[in-house]
file model-v6.cif (mmCIF, N, CA and C atoms and all ligand atoms)
data_structure
loop_
_atom_site.label_atom_id
_atom_site.label_comp_id
_atom_site.auth_asym_id
_atom_site.auth_seq_id
_atom_site.Cartn_x
_atom_site.Cartn_y
_atom_site.Cartn_z
N MET A 1 18.12 3.90 -17.03
CA MET A 1 18.35 2.97 -15.94
C MET A 1 17.08 2.87 -15.09
N SER A 2 16.78 1.65 -14.66
CA SER A 2 15.57 1.44 -13.87
C SER A 2 15.75 1.98 -12.47
N ARG A 3 14.65 2.43 -11.92
CA ARG A 3 14.69 2.76 -10.50
C ARG A 3 13.75 1.78 -9.82
N PHE A 4 14.13 1.42 -8.60
CA PHE A 4 13.37 0.42 -7.86
C PHE A 4 12.53 1.09 -6.80
N VAL A 5 11.28 0.63 -6.71
CA VAL A 5 10.33 1.19 -5.76
C VAL A 5 9.86 0.08 -4.85
N GLN A 6 9.85 0.34 -3.55
CA GLN A 6 9.38 -0.67 -2.61
C GLN A 6 7.86 -0.76 -2.68
N VAL A 7 7.34 -1.99 -2.89
CA VAL A 7 5.90 -2.14 -3.09
C VAL A 7 5.23 -3.07 -2.08
N ALA A 8 6.01 -3.90 -1.42
CA ALA A 8 5.42 -4.85 -0.49
C ALA A 8 6.55 -5.41 0.38
N THR A 9 6.14 -6.23 1.32
CA THR A 9 7.14 -6.96 2.12
C THR A 9 6.92 -8.46 1.89
N LYS A 10 7.91 -9.25 2.21
CA LYS A 10 7.78 -10.70 2.06
C LYS A 10 6.57 -11.23 2.82
N ALA A 11 6.29 -10.62 3.96
CA ALA A 11 5.16 -11.08 4.77
C ALA A 11 3.83 -10.88 4.05
N ASP A 12 3.78 -9.93 3.13
CA ASP A 12 2.55 -9.68 2.38
C ASP A 12 2.28 -10.75 1.33
N LEU A 13 3.30 -11.53 0.99
CA LEU A 13 3.23 -12.39 -0.20
C LEU A 13 3.86 -13.75 0.10
N PRO A 14 3.15 -14.58 0.86
CA PRO A 14 3.69 -15.92 1.15
C PRO A 14 3.79 -16.76 -0.14
N PRO A 15 4.57 -17.83 -0.14
CA PRO A 15 4.69 -18.69 -1.32
C PRO A 15 3.31 -19.17 -1.79
N GLY A 16 3.13 -19.14 -3.11
CA GLY A 16 1.88 -19.62 -3.70
C GLY A 16 0.77 -18.60 -3.73
N THR A 17 1.11 -17.34 -3.42
CA THR A 17 0.07 -16.31 -3.40
C THR A 17 0.40 -15.19 -4.38
N SER A 18 -0.58 -14.32 -4.55
CA SER A 18 -0.42 -13.15 -5.42
C SER A 18 -1.00 -11.94 -4.71
N LEU A 19 -0.61 -10.79 -5.22
CA LEU A 19 -1.02 -9.53 -4.58
C LEU A 19 -1.03 -8.45 -5.65
N CYS A 20 -2.08 -7.64 -5.64
CA CYS A 20 -2.12 -6.51 -6.58
C CYS A 20 -1.61 -5.26 -5.87
N VAL A 21 -0.67 -4.58 -6.50
CA VAL A 21 -0.18 -3.32 -5.95
C VAL A 21 -0.37 -2.24 -7.01
N THR A 22 -0.56 -1.03 -6.55
CA THR A 22 -0.69 0.08 -7.49
C THR A 22 0.53 0.97 -7.32
N VAL A 23 1.24 1.14 -8.42
CA VAL A 23 2.45 1.95 -8.39
C VAL A 23 2.36 2.97 -9.51
N GLU A 24 2.35 4.22 -9.14
CA GLU A 24 2.29 5.30 -10.13
C GLU A 24 1.17 5.04 -11.14
N ASP A 25 -0.02 4.77 -10.60
CA ASP A 25 -1.24 4.54 -11.40
C ASP A 25 -1.24 3.25 -12.20
N LYS A 26 -0.22 2.41 -12.05
CA LYS A 26 -0.23 1.11 -12.73
C LYS A 26 -0.63 0.05 -11.72
N LYS A 27 -1.52 -0.85 -12.15
CA LYS A 27 -1.86 -2.00 -11.29
C LYS A 27 -0.97 -3.16 -11.72
N ILE A 28 -0.21 -3.66 -10.76
CA ILE A 28 0.77 -4.70 -11.03
C ILE A 28 0.50 -5.89 -10.12
N ALA A 29 0.53 -7.08 -10.71
CA ALA A 29 0.31 -8.31 -9.95
C ALA A 29 1.66 -8.90 -9.55
N LEU A 30 1.85 -9.09 -8.27
CA LEU A 30 3.05 -9.74 -7.74
C LEU A 30 2.72 -11.19 -7.44
N PHE A 31 3.67 -12.07 -7.69
CA PHE A 31 3.49 -13.50 -7.40
C PHE A 31 4.71 -14.01 -6.66
N ASN A 32 4.45 -14.96 -5.78
CA ASN A 32 5.53 -15.69 -5.11
C ASN A 32 5.39 -17.16 -5.49
N LEU A 33 6.30 -17.62 -6.36
CA LEU A 33 6.29 -19.04 -6.76
C LEU A 33 7.42 -19.73 -6.02
N ASP A 34 7.08 -20.37 -4.92
CA ASP A 34 8.07 -21.10 -4.11
C ASP A 34 9.29 -20.25 -3.78
N GLY A 35 9.05 -19.02 -3.41
CA GLY A 35 10.15 -18.16 -2.98
C GLY A 35 10.76 -17.30 -4.07
N ALA A 36 10.34 -17.51 -5.32
CA ALA A 36 10.79 -16.64 -6.42
C ALA A 36 9.68 -15.64 -6.71
N TYR A 37 10.07 -14.38 -6.79
CA TYR A 37 9.07 -13.32 -6.94
C TYR A 37 9.03 -12.85 -8.39
N TYR A 38 7.79 -12.60 -8.87
CA TYR A 38 7.59 -12.13 -10.24
C TYR A 38 6.54 -11.02 -10.22
N ALA A 39 6.59 -10.19 -11.27
CA ALA A 39 5.60 -9.11 -11.38
C ALA A 39 5.19 -8.97 -12.84
N ILE A 40 3.89 -8.91 -13.05
CA ILE A 40 3.32 -8.69 -14.39
C ILE A 40 2.19 -7.68 -14.26
N ASP A 41 1.76 -7.13 -15.40
CA ASP A 41 0.60 -6.25 -15.35
C ASP A 41 -0.57 -7.00 -14.76
N ASP A 42 -1.33 -6.30 -13.92
CA ASP A 42 -2.46 -6.97 -13.27
C ASP A 42 -3.63 -7.14 -14.22
N THR A 43 -3.78 -6.24 -15.17
CA THR A 43 -4.94 -6.29 -16.06
C THR A 43 -4.67 -7.26 -17.21
N CYS A 44 -5.58 -8.17 -17.39
CA CYS A 44 -5.47 -9.16 -18.47
C CYS A 44 -5.38 -8.44 -19.81
N SER A 45 -4.64 -9.04 -20.75
CA SER A 45 -4.50 -8.42 -22.07
C SER A 45 -5.74 -8.64 -22.94
N HIS A 46 -6.67 -9.46 -22.48
CA HIS A 46 -7.88 -9.73 -23.28
C HIS A 46 -9.00 -8.75 -22.96
N ALA A 47 -9.27 -8.50 -21.71
CA ALA A 47 -10.35 -7.60 -21.31
C ALA A 47 -10.07 -7.17 -19.87
N GLU A 48 -11.08 -6.59 -19.22
CA GLU A 48 -10.90 -6.11 -17.86
C GLU A 48 -11.00 -7.26 -16.87
N ALA A 49 -9.90 -7.69 -16.35
CA ALA A 49 -9.89 -8.69 -15.30
C ALA A 49 -8.56 -8.56 -14.57
N SER A 50 -8.58 -8.91 -13.30
CA SER A 50 -7.41 -8.76 -12.46
C SER A 50 -6.68 -10.10 -12.34
N LEU A 51 -5.49 -10.17 -12.94
CA LEU A 51 -4.77 -11.45 -12.93
C LEU A 51 -4.33 -11.87 -11.53
N SER A 52 -4.16 -10.90 -10.64
CA SER A 52 -3.78 -11.26 -9.27
C SER A 52 -4.89 -12.03 -8.56
N GLU A 53 -6.10 -12.00 -9.13
CA GLU A 53 -7.22 -12.75 -8.54
C GLU A 53 -7.39 -14.11 -9.19
N GLY A 54 -6.50 -14.43 -10.14
CA GLY A 54 -6.60 -15.71 -10.83
C GLY A 54 -5.96 -16.84 -10.04
N GLU A 55 -6.34 -18.04 -10.41
CA GLU A 55 -5.75 -19.22 -9.77
C GLU A 55 -4.34 -19.43 -10.29
N ILE A 56 -3.43 -19.78 -9.40
CA ILE A 56 -2.05 -20.08 -9.79
C ILE A 56 -1.94 -21.58 -10.02
N ASP A 57 -1.39 -21.94 -11.18
CA ASP A 57 -1.21 -23.36 -11.52
C ASP A 57 0.23 -23.52 -12.01
N GLY A 58 1.09 -24.01 -11.14
CA GLY A 58 2.51 -24.11 -11.50
C GLY A 58 3.08 -22.72 -11.73
N HIS A 59 3.65 -22.48 -12.94
CA HIS A 59 4.19 -21.15 -13.23
C HIS A 59 3.18 -20.30 -14.01
N CYS A 60 1.92 -20.74 -14.03
CA CYS A 60 0.89 -20.01 -14.78
C CYS A 60 -0.13 -19.39 -13.83
N VAL A 61 -0.78 -18.33 -14.36
CA VAL A 61 -1.96 -17.82 -13.68
C VAL A 61 -3.11 -17.91 -14.68
N ILE A 62 -4.26 -18.28 -14.17
CA ILE A 62 -5.45 -18.46 -15.01
C ILE A 62 -6.35 -17.25 -14.81
N CYS A 63 -6.62 -16.54 -15.90
CA CYS A 63 -7.45 -15.34 -15.78
C CYS A 63 -8.81 -15.71 -15.20
N PRO A 64 -9.25 -14.98 -14.17
CA PRO A 64 -10.51 -15.35 -13.52
C PRO A 64 -11.74 -15.06 -14.38
N ARG A 65 -11.57 -14.31 -15.48
CA ARG A 65 -12.77 -13.95 -16.25
C ARG A 65 -13.08 -14.95 -17.37
N HIS A 66 -12.12 -15.21 -18.24
CA HIS A 66 -12.38 -16.13 -19.36
C HIS A 66 -11.40 -17.30 -19.41
N GLY A 67 -10.51 -17.38 -18.47
CA GLY A 67 -9.70 -18.59 -18.36
C GLY A 67 -8.41 -18.65 -19.16
N ALA A 68 -7.99 -17.55 -19.78
CA ALA A 68 -6.69 -17.58 -20.48
C ALA A 68 -5.58 -17.83 -19.46
N ARG A 69 -4.54 -18.52 -19.92
CA ARG A 69 -3.40 -18.80 -19.04
C ARG A 69 -2.23 -17.90 -19.44
N PHE A 70 -1.56 -17.37 -18.46
CA PHE A 70 -0.37 -16.55 -18.69
C PHE A 70 0.80 -17.16 -17.93
N ASP A 71 1.97 -17.12 -18.55
CA ASP A 71 3.19 -17.53 -17.87
C ASP A 71 3.61 -16.38 -16.95
N ILE A 72 3.62 -16.64 -15.67
CA ILE A 72 3.94 -15.61 -14.68
C ILE A 72 5.39 -15.12 -14.85
N ARG A 73 6.25 -16.00 -15.35
CA ARG A 73 7.68 -15.65 -15.46
C ARG A 73 7.97 -14.76 -16.66
N THR A 74 7.18 -14.92 -17.73
CA THR A 74 7.48 -14.20 -18.97
C THR A 74 6.38 -13.25 -19.42
N GLY A 75 5.18 -13.40 -18.86
CA GLY A 75 4.05 -12.59 -19.31
C GLY A 75 3.38 -13.11 -20.57
N GLN A 76 3.90 -14.19 -21.16
CA GLN A 76 3.32 -14.71 -22.40
C GLN A 76 1.92 -15.27 -22.16
N ALA A 77 1.03 -14.99 -23.13
CA ALA A 77 -0.29 -15.62 -23.10
C ALA A 77 -0.12 -17.03 -23.66
N LEU A 78 -0.58 -18.02 -22.93
CA LEU A 78 -0.37 -19.42 -23.32
C LEU A 78 -1.63 -20.05 -23.87
N SER A 79 -2.78 -19.39 -23.68
CA SER A 79 -4.00 -19.96 -24.25
C SER A 79 -5.00 -18.86 -24.52
N LEU A 80 -5.87 -19.12 -25.49
CA LEU A 80 -6.94 -18.18 -25.84
C LEU A 80 -7.94 -18.14 -24.70
N PRO A 81 -8.72 -17.08 -24.62
CA PRO A 81 -8.90 -16.04 -25.62
C PRO A 81 -7.86 -14.92 -25.59
N ALA A 82 -6.91 -14.94 -24.69
CA ALA A 82 -5.86 -13.92 -24.72
C ALA A 82 -4.76 -14.38 -25.67
N TRP A 83 -4.21 -13.48 -26.42
CA TRP A 83 -3.08 -13.82 -27.29
C TRP A 83 -1.91 -12.87 -27.07
N ALA A 84 -2.18 -11.66 -26.61
CA ALA A 84 -1.11 -10.69 -26.38
C ALA A 84 -0.50 -10.91 -25.00
N PRO A 85 0.81 -10.73 -24.89
CA PRO A 85 1.43 -10.88 -23.57
C PRO A 85 1.08 -9.71 -22.67
N VAL A 86 1.35 -9.88 -21.39
CA VAL A 86 1.27 -8.76 -20.46
C VAL A 86 2.70 -8.36 -20.10
N GLU A 87 2.84 -7.12 -19.72
CA GLU A 87 4.17 -6.58 -19.37
C GLU A 87 4.73 -7.29 -18.13
N THR A 88 6.03 -7.48 -18.13
CA THR A 88 6.69 -8.01 -16.93
C THR A 88 7.57 -6.92 -16.31
N TYR A 89 7.85 -7.07 -15.06
CA TYR A 89 8.68 -6.09 -14.33
C TYR A 89 9.73 -6.84 -13.53
N GLU A 90 10.90 -6.26 -13.47
CA GLU A 90 11.97 -6.87 -12.67
C GLU A 90 11.67 -6.69 -11.19
N VAL A 91 11.88 -7.74 -10.44
CA VAL A 91 11.65 -7.70 -9.00
C VAL A 91 12.98 -7.88 -8.29
N ARG A 92 13.18 -7.12 -7.25
CA ARG A 92 14.38 -7.25 -6.42
C ARG A 92 13.94 -7.40 -4.97
N VAL A 93 14.62 -8.27 -4.25
CA VAL A 93 14.32 -8.43 -2.83
C VAL A 93 15.51 -7.92 -2.04
N GLU A 94 15.24 -7.04 -1.11
CA GLU A 94 16.29 -6.50 -0.23
C GLU A 94 15.82 -6.72 1.20
N GLY A 95 16.40 -7.69 1.86
CA GLY A 95 15.95 -8.02 3.22
C GLY A 95 14.51 -8.48 3.15
N GLU A 96 13.63 -7.80 3.86
CA GLU A 96 12.22 -8.17 3.85
C GLU A 96 11.41 -7.38 2.81
N GLN A 97 12.07 -6.50 2.12
CA GLN A 97 11.36 -5.62 1.18
C GLN A 97 11.32 -6.20 -0.22
N ILE A 98 10.18 -6.04 -0.89
CA ILE A 98 10.05 -6.41 -2.30
C ILE A 98 9.99 -5.12 -3.10
N LEU A 99 10.88 -5.01 -4.07
CA LEU A 99 10.96 -3.79 -4.87
C LEU A 99 10.71 -4.14 -6.33
N LEU A 100 10.14 -3.17 -7.04
CA LEU A 100 9.86 -3.32 -8.47
C LEU A 100 10.66 -2.31 -9.25
N ALA A 101 11.13 -2.74 -10.42
CA ALA A 101 11.82 -1.81 -11.31
C ALA A 101 10.77 -1.09 -12.16
N LEU A 102 10.86 0.20 -12.18
CA LEU A 102 9.97 0.99 -13.04
C LEU A 102 10.81 1.77 -14.01
N GLY A 103 10.28 1.84 -15.25
CA GLY A 103 10.89 2.51 -16.38
C GLY A 103 11.95 3.44 -15.99
S1 LIG B 1 -10.39 -11.04 -19.49
FE1 LIG B 1 -8.76 -12.45 -19.23
S2 LIG B 1 -9.18 -14.02 -20.65
FE2 LIG B 1 -10.75 -12.57 -20.98
#
call {"tool": "encode", "arguments": {"input": "model-v6.cif", "output": "structure tokens"}}
result
Amino acid sequence: MSRFVQVATKADLPPGTSLCVTVEDKKIALFNLDGAYYAIDDTCSHAEASLSEGEIDGHCVICPRHGARFDIRTGQALSLPAWAPVETYEVRVEGEQILLALG
């Protein structure tokens, strides 16, 4: 069963923004897409780059290093040079708190 860890507050993550959080040595990128919260691994599956620093385009994030697109909702790589997906994490909102499910 997953346990949920508080990682941010709603105020930290306005709509249309992203935020990198470190939880138990994992870097995780949080996104707010029009009030819906998502979490994926922050490190691109292609090389060393922080997806939370990428441009958000609709439901995609564009890797700031080589431009691969990832679906923020599913973690799927949508364009080369990345082909492997990134991990996704369940997000729960409780009041003003944003929580992440960890293994
Ligand atoms: S590091 Fe992300 S596409 Fe290359």
call {"tool": "atom_distance", "arguments": {"input": "model-v6.cif", "atom1": "atom CA of A:Ala47", "atom2": "atom CA of A:Asp34"}}
result
28.6 Å
call {"tool": "closest_residue", "arguments": {"input": "model-v6.cif", "among": "A:Val5, A:Val23, A:Ile72, A:Ile28", "to": "A:His59", "atoms": "only N, CA and C atoms"}}
result
A:Ile72
call {"tool": "closest_atom_pairs", "arguments": {"input": "model-v6.cif", "of": "stretch 6-26 of chain A", "to": "stretch 83-92 of chain A", "cutoff": "12 Å", "atoms": "only C-alpha atoms", "output": "CSV"}}
result
residue,atom,partner,partner_atom,distance
A:Gln6,CA,A:Arg92,CA,9.1
A:Val7,CA,A:Val91,CA,9.9
A:Ala8,CA,A:Val91,CA,10.9
A:Thr9,CA,A:Arg92,CA,11.2
A:Lys10,CA,A:Arg92,CA,11.3
A:Val23,CA,A:Tyr89,CA,11.8
A:Lys26,CA,A:Glu87,CA,11.1
call {"tool": "select_by_dssp", "arguments": {"input": "model-v6.cif", "residues": "chain A", "states": "strand (DSSP E or B)", "output": "PyMOL selection string"}}
result
chain A and resi 3-9+18-23+26-33+36-41+43+50+55-57+60-62+69-71+77+88-89+91-94+97-102
call {"tool": "closest_residue", "arguments": {"input": "model-v6.cif", "among": "A:Phe70, A:Phe4, A:Tyr37, A:Phe31", "to": "ligand LIG 1 (chain B)", "atoms": "only C-alpha atoms and all ligand atoms"}}
result
A:Phe70
call {"tool": "residues_near_ligand", "arguments": {"input": "model-v6.cif", "ligand": "ligand LIG 1 (chain B)", "cutoff": "8 Å", "atoms": "only C-alpha atoms and all ligand atoms", "output": "PDB file with N, CA and C atoms, in the frame of the given file"}}
result
ATOM      1  N   THR A  43      -3.780  -6.240 -15.170  1.00  0.00           N
ATOM      2  CA  THR A  43      -4.940  -6.290 -16.060  1.00  0.00           C
ATOM      3  C   THR A  43      -4.670  -7.260 -17.210  1.00  0.00           C
ATOM      4  N   CYS A  44      -5.580  -8.170 -17.390  1.00  0.00           N
ATOM      5  CA  CYS A  44      -5.470  -9.160 -18.470  1.00  0.00           C
ATOM      6  C   CYS A  44      -5.380  -8.440 -19.810  1.00  0.00           C
ATOM      7  N   SER A  45      -4.640  -9.040 -20.750  1.00  0.00           N
ATOM      8  CA  SER A  45      -4.500  -8.420 -22.070  1.00  0.00           C
ATOM      9  C   SER A  45      -5.740  -8.640 -22.940  1.00  0.00           C
ATOM     10  N   HIS A  46      -6.670  -9.460 -22.480  1.00  0.00           N
ATOM     11  CA  HIS A  46      -7.880  -9.730 -23.280  1.00  0.00           C
ATOM     12  C   HIS A  46      -9.000  -8.750 -22.960  1.00  0.00           C
ATOM     13  N   ALA A  47      -9.270  -8.500 -21.710  1.00  0.00           N
ATOM     14  CA  ALA A  47     -10.350  -7.600 -21.310  1.00  0.00           C
ATOM     15  C   ALA A  47     -10.070  -7.170 -19.870  1.00  0.00           C
ATOM     16  N   GLU A  48     -11.080  -6.590 -19.220  1.00  0.00           N
ATOM     17  CA  GLU A  48     -10.900  -6.110 -17.860  1.00  0.00           C
ATOM     18  C   GLU A  48     -11.000  -7.260 -16.870  1.00  0.00           C
ATOM     19  N   ALA A  49      -9.900  -7.690 -16.350  1.00  0.00           N
ATOM     20  CA  ALA A  49      -9.890  -8.690 -15.300  1.00  0.00           C
ATOM     21  C   ALA A  49      -8.560  -8.560 -14.570  1.00  0.00           C
ATOM     22  N   SER A  50      -8.580  -8.910 -13.300  1.00  0.00           N
ATOM     23  CA  SER A  50      -7.410  -8.760 -12.460  1.00  0.00           C
ATOM     24  C   SER A  50      -6.680 -10.100 -12.340  1.00  0.00           C
ATOM     25  N   LEU A  51      -5.490 -10.170 -12.940  1.00  0.00           N
ATOM     26  CA  LEU A  51      -4.770 -11.450 -12.930  1.00  0.00           C
ATOM     27  C   LEU A  51      -4.330 -11.870 -11.530  1.00  0.00           C
ATOM     28  N   CYS A  63      -6.620 -16.540 -15.900  1.00  0.00           N
ATOM     29  CA  CYS A  63      -7.450 -15.340 -15.780  1.00  0.00           C
ATOM     30  C   CYS A  63      -8.810 -15.710 -15.200  1.00  0.00           C
ATOM     31  N   PRO A  64      -9.250 -14.980 -14.170  1.00  0.00           N
ATOM     32  CA  PRO A  64     -10.510 -15.350 -13.520  1.00  0.00           C
ATOM     33  C   PRO A  64     -11.740 -15.060 -14.380  1.00  0.00           C
ATOM     34  N   ARG A  65     -11.570 -14.310 -15.480  1.00  0.00           N
ATOM     35  CA  ARG A  65     -12.770 -13.950 -16.250  1.00  0.00           C
ATOM     36  C   ARG A  65     -13.080 -14.950 -17.370  1.00  0.00           C
ATOM     37  N   HIS A  66     -12.120 -15.210 -18.240  1.00  0.00           N
ATOM     38  CA  HIS A  66     -12.380 -16.130 -19.360  1.00  0.00           C
ATOM     39  C   HIS A  66     -11.400 -17.300 -19.410  1.00  0.00           C
ATOM     40  N   GLY A  67     -10.510 -17.380 -18.470  1.00  0.00           N
ATOM     41  CA  GLY A  67      -9.700 -18.590 -18.360  1.00  0.00           C
ATOM     42  C   GLY A  67      -8.410 -18.650 -19.160  1.00  0.00           C
ATOM     43  N   ALA A  68      -7.990 -17.550 -19.780  1.00  0.00           N
ATOM     44  CA  ALA A  68      -6.690 -17.580 -20.480  1.00  0.00           C
ATOM     45  C   ALA A  68      -5.580 -17.830 -19.460  1.00  0.00           C
ATOM     46  N   ARG A  69      -4.540 -18.520 -19.920  1.00  0.00           N
ATOM     47  CA  ARG A  69      -3.400 -18.800 -19.040  1.00  0.00           C
ATOM     48  C   ARG A  69      -2.230 -17.900 -19.440  1.00  0.00           C
ATOM     49  N   LEU A  80      -5.870 -19.120 -25.490  1.00  0.00           N
ATOM     50  CA  LEU A  80      -6.940 -18.180 -25.840  1.00  0.00           C
ATOM     51  C   LEU A  80      -7.940 -18.140 -24.700  1.00  0.00           C
ATOM     52  N   PRO A  81      -8.720 -17.080 -24.620  1.00  0.00           N
ATOM     53  CA  PRO A  81      -8.900 -16.040 -25.620  1.00  0.00           C
ATOM     54  C   PRO A  81      -7.860 -14.920 -25.590  1.00  0.00           C
ATOM     55  N   ALA A  82      -6.910 -14.940 -24.690  1.00  0.00           N
ATOM     56  CA  ALA A  82      -5.860 -13.920 -24.720  1.00  0.00           C
ATOM     57  C   ALA A  82      -4.760 -14.380 -25.670  1.00  0.00           C
TER      58      ALA A  82
END
call {"tool": "axis_aligned_box", "arguments": {"input": "model-v6.cif", "around": "stretch 43-50 of chain A", "padding_each_side": "5 Å", "output": "JSON"}}
result
{"center_x": -7.4, "center_y": -8.1, "center_z": -17.8, "size_x": 17.3, "size_y": 14.0, "size_z": 20.9}
call {"tool": "residues_around", "arguments": {"input": "model-v6.cif", "residues": "A:Ala36", "least_positions_apart": "3", "cutoff": "10 Å", "atoms": "only C-alpha atoms", "output": "ChimeraX atom specification"}}
result
/A:15-16,31-33,73,91,93
call {"tool": "write_last_selection", "arguments": {"input": "model-v6.cif", "atoms": "N, CA and C atoms", "output": "mmCIF file, in the frame of the given file"}}
result
data_model
loop_
_atom_site.group_PDB
_atom_site.id
_atom_site.type_symbol
_atom_site.label_atom_id
_atom_site.label_comp_id
_atom_site.auth_asym_id
_atom_site.auth_seq_id
_atom_site.Cartn_x
_atom_site.Cartn_y
_atom_site.Cartn_z
ATOM 1 N N PRO A 15 4.570 -17.830 -0.140
ATOM 2 C CA PRO A 15 4.690 -18.690 -1.320
ATOM 3 C C PRO A 15 3.310 -19.170 -1.790
ATOM 4 N N GLY A 16 3.130 -19.140 -3.110
ATOM 5 C CA GLY A 16 1.880 -19.620 -3.700
ATOM 6 C C GLY A 16 0.770 -18.600 -3.730
ATOM 7 N N PHE A 31 3.670 -12.070 -7.690
ATOM 8 C CA PHE A 31 3.490 -13.500 -7.400
ATOM 9 C C PHE A 31 4.710 -14.010 -6.660
ATOM 10 N N ASN A 32 4.450 -14.960 -5.780
ATOM 11 C CA ASN A 32 5.530 -15.690 -5.110
ATOM 12 C C ASN A 32 5.390 -17.160 -5.490
ATOM 13 N N LEU A 33 6.300 -17.620 -6.360
ATOM 14 C CA LEU A 33 6.290 -19.040 -6.760
ATOM 15 C C LEU A 33 7.420 -19.730 -6.020
ATOM 16 N N ARG A 73 6.250 -16.000 -15.350
ATOM 17 C CA ARG A 73 7.680 -15.650 -15.460
ATOM 18 C C ARG A 73 7.970 -14.760 -16.660
ATOM 19 N N VAL A 91 11.880 -7.740 -10.440
ATOM 20 C CA VAL A 91 11.650 -7.700 -9.000
ATOM 21 C C VAL A 91 12.980 -7.880 -8.290
ATOM 22 N N VAL A 93 14.620 -8.270 -4.250
ATOM 23 C CA VAL A 93 14.320 -8.430 -2.830
ATOM 24 C C VAL A 93 15.510 -7.920 -2.040
#
call {"tool": "closest_residue", "arguments": {"input": "model-v6.cif", "among": "A:Gly75, A:Gly58, A:Gly103, A:Gly95", "to": "A:Asp41", "atoms": "only C-alpha atoms"}}
result
A:Gly75
call {"tool": "atom_distance", "arguments": {"input": "model-v6.cif", "atom1": "atom CA of A:Cys60", "atom2": "atom CA of A:Ser79"}}
result
10.7 Å
call {"tool": "select_by_dssp", "arguments": {"input": "model-v6.cif", "residues": "chain A", "states": "helix (DSSP H, G or I)", "output": "MDAnalysis selection string"}}
result
chainID A and resid 10:12 51:53
call {"tool": "write_last_selection", "arguments": {"input": "model-v6.cif", "atoms": "N, CA and C atoms", "output": "compact mmCIF listing (two decimals), keeping the file's coordinate frame"}}
result
# COMPACT_ATOMS: atom_id res chain seq x y z
N LYS A 10 7.91 -9.25 2.21
CA LYS A 10 7.78 -10.70 2.06
C LYS A 10 6.57 -11.23 2.82
N ALA A 11 6.29 -10.62 3.96
CA ALA A 11 5.16 -11.08 4.77
C ALA A 11 3.83 -10.88 4.05
N ASP A 12 3.78 -9.93 3.13
CA ASP A 12 2.55 -9.68 2.38
C ASP A 12 2.28 -10.75 1.33
N LEU A 51 -5.49 -10.17 -12.94
CA LEU A 51 -4.77 -11.45 -12.93
C LEU A 51 -4.33 -11.87 -11.53
N SER A 52 -4.16 -10.90 -10.64
CA SER A 52 -3.78 -11.26 -9.27
C SER A 52 -4.89 -12.03 -8.56
N GLU A 53 -6.10 -12.00 -9.13
CA GLU A 53 -7.22 -12.75 -8.54
C GLU A 53 -7.39 -14.11 -9.19
call {"tool": "atom_distance", "arguments": {"input": "model-v6.cif", "atom1": "atom CA of A:Thr17", "atom2": "atom CA of A:Leu30"}}
result
8.4 Å
call {"tool": "closest_residue", "arguments": {"input": "model-v6.cif", "among": "A:Leu78, A:Asp71, A:Leu13, A:Glu24", "to": "A:Ile40", "atoms": "only C-alpha atoms"}}
result
A:Asp71
